[in-house]
>>> print(open('model02.csv').read())   # CSV, C-alpha atoms
chain,number,residue,atom,x,y,z
A,1,MET,CA,10.6,61.8,159.6
A,2,PRO,CA,11.1,65.3,161.1
A,3,GLU,CA,8.3,67.0,163.0
A,4,LEU,CA,7.2,70.4,161.8
A,5,ARG,CA,7.0,73.3,164.2
A,6,PHE,CA,5.9,76.9,163.6
A,7,THR,CA,7.1,80.1,165.3
A,8,GLU,CA,4.3,82.2,166.5
A,9,GLN,CA,4.9,84.7,163.7
A,10,ALA,CA,4.8,82.0,161.1
A,11,ARG,CA,1.6,80.5,162.5
A,12,LYS,CA,-0.1,83.9,162.2
A,13,GLN,CA,1.2,84.4,158.7
A,14,TYR,CA,0.0,80.9,157.7
A,15,LYS,CA,-3.5,81.7,159.0
A,16,ALA,CA,-3.7,84.8,156.8
A,17,LEU,CA,-2.9,83.0,153.5
A,18,THR,CA,-5.4,82.3,150.7
A,19,GLY,CA,-6.1,78.7,149.6
A,20,PRO,CA,-3.6,78.5,146.8
A,21,GLN,CA,-0.9,80.0,149.0
A,22,LYS,CA,-1.6,77.5,151.8
A,23,GLN,CA,-1.4,74.7,149.2
A,24,PHE,CA,2.1,75.8,148.1
A,25,ILE,CA,3.2,76.0,151.8
A,26,ASP,CA,1.8,72.6,152.6
A,27,GLN,CA,3.4,71.0,149.5
A,28,GLY,CA,6.8,72.6,150.3
A,29,LEU,CA,6.8,71.5,153.9
A,30,ASP,CA,5.8,68.0,152.9
A,31,ASN,CA,8.8,67.9,150.5
A,32,LEU,CA,11.1,69.1,153.2
A,33,LYS,CA,10.0,66.4,155.6
A,34,LEU,CA,10.7,63.7,153.1
A,35,ASP,CA,14.1,65.1,152.0
A,36,THR,CA,16.1,64.8,155.1
A,37,LYS,CA,19.4,65.5,153.3
A,38,SER,CA,18.4,68.9,152.0
A,39,ILE,CA,20.2,71.9,153.6
A,40,SER,CA,17.7,74.3,152.1
A,41,GLN,CA,16.9,77.3,154.3
A,42,GLU,CA,14.3,78.8,152.0
A,43,ILE,CA,11.7,77.7,149.5
A,44,VAL,CA,10.6,80.2,146.9
A,45,GLN,CA,7.6,80.3,144.6
A,46,LYS,CA,8.0,83.2,142.2
A,47,GLU,CA,4.5,83.1,140.6
A,48,LEU,CA,2.8,83.5,144.0
A,49,LYS,CA,5.6,85.7,145.2
A,50,MET,CA,6.1,83.6,148.3
A,51,LYS,CA,9.0,82.4,150.5
A,52,ILE,CA,9.2,80.0,153.4
A,53,ARG,CA,12.1,80.4,155.7
A,54,ILE,CA,13.0,77.4,157.8
A,55,ARG,CA,15.7,76.0,160.0
A,56,ARG,CA,16.5,72.4,161.0
A,57,GLU,CA,17.1,71.4,164.6
A,58,LYS,CA,17.7,67.7,165.3
A,59,ALA,CA,14.3,66.0,164.7
A,60,PHE,CA,12.5,69.2,163.9
A,61,ILE,CA,11.9,71.5,160.9
A,62,ILE,CA,11.0,74.9,162.3
A,63,VAL,CA,9.1,77.3,160.0
A,64,GLU,CA,10.4,80.7,161.0
A,65,GLU,CA,8.7,83.0,158.5
A,66,ILE,CA,6.2,82.9,155.6
A,67,ILE,CA,6.5,85.8,153.2
A,68,ALA,CA,3.6,86.4,150.8
A,69,GLY,CA,4.7,89.6,149.1
A,70,GLY,CA,2.6,91.7,146.8
A,71,PHE,CA,-0.1,89.2,146.0
A,72,GLU,CA,-2.9,91.1,147.8
A,73,LYS,CA,-1.9,94.4,146.4
A,74,THR,CA,-2.4,93.9,142.7
A,75,LYS,CA,-5.1,95.9,141.1
A,76,GLN,CA,-6.6,92.8,139.5
A,77,ASN,CA,-6.8,90.9,142.8
A,78,LEU,CA,-8.4,93.9,144.7
A,79,HIS,CA,-11.1,94.0,142.0
A,80,ALA,CA,-11.7,90.3,142.4
A,81,ILE,CA,-12.0,90.6,146.2
A,82,LYS,CA,-14.5,93.5,145.9
A,83,ARG,CA,-16.5,91.4,143.4
A,84,ALA,CA,-16.5,88.3,145.6
A,85,LYS,CA,-17.6,90.3,148.7
A,86,SER,CA,-20.6,91.8,146.7
A,87,TRP,CA,-21.7,88.2,145.9
A,88,ASN,CA,-21.6,87.2,149.5
A,89,ASN,CA,-23.9,90.0,150.7
>>> encode(input="model02.csv", output="structure tokens")
Amino acid sequence: MPELRFTEQARKQYKALTGPQKQFIDQGLDNLKLDTKSISQEIVQKELKMKIRIRREKAFIIVEEIIAGGFEKTKQNLHAIKRAKSWNN
């Protein structure tokens, strides 16, 4: 089974994700490790507006970039974040 490696940029992007986003990333990477014949360079999740860009090198899968576009910027999500912060204070 190939070993996963993250670029520095991808590692920072992963740390900034929310729980559901991390869950999608983890599931996608697990599937990539199991499917050694796949030539996929990108995994897309339209609902969360996310992409994982990867490349394969010998016994490694290198995660180059994690794109989480637009999720944090929705009006509904900003309202939910404000509400959650007020509960924690």
>>> atom_distance(input="model02.csv", atom1="CA of Arg53 (chain A)", atom2="CA of Gln41 (chain A)")
5.9 Å
>>> residues_around(input="model02.csv", residues="Met1 (chain A)", least_positions_apart="6", cutoff="10 Å", atoms="all atoms listed in the file", output="ChimeraX atom specification")
/A:32-36,59-61
>>> residues_near_point(input="model02.csv", point="(3.4, 72.4, 152.7)", cutoff="12 Å", atoms="only C-alpha atoms", output="PyMOL selection string")
chain A and resi 4+14+19-34+43+51-52+54+61+63+66
>>> atom_distance(input="model02.csv", atom1="CA of Glu65 (chain A)", atom2="CA of Gln9 (chain A)")
6.7 Å
>>> atom_distance(input="model02.csv", atom1="CA of Phe6 (chain A)", atom2="CA of Glu64 (chain A)")
6.4 Å
>>> closest_residue(input="model02.csv", among="A:Ile67, A:Thr18, A:Lys58, A:Lys46", to="Glu3 (chain A)", atoms="all atoms listed in the file")
A:Lys58
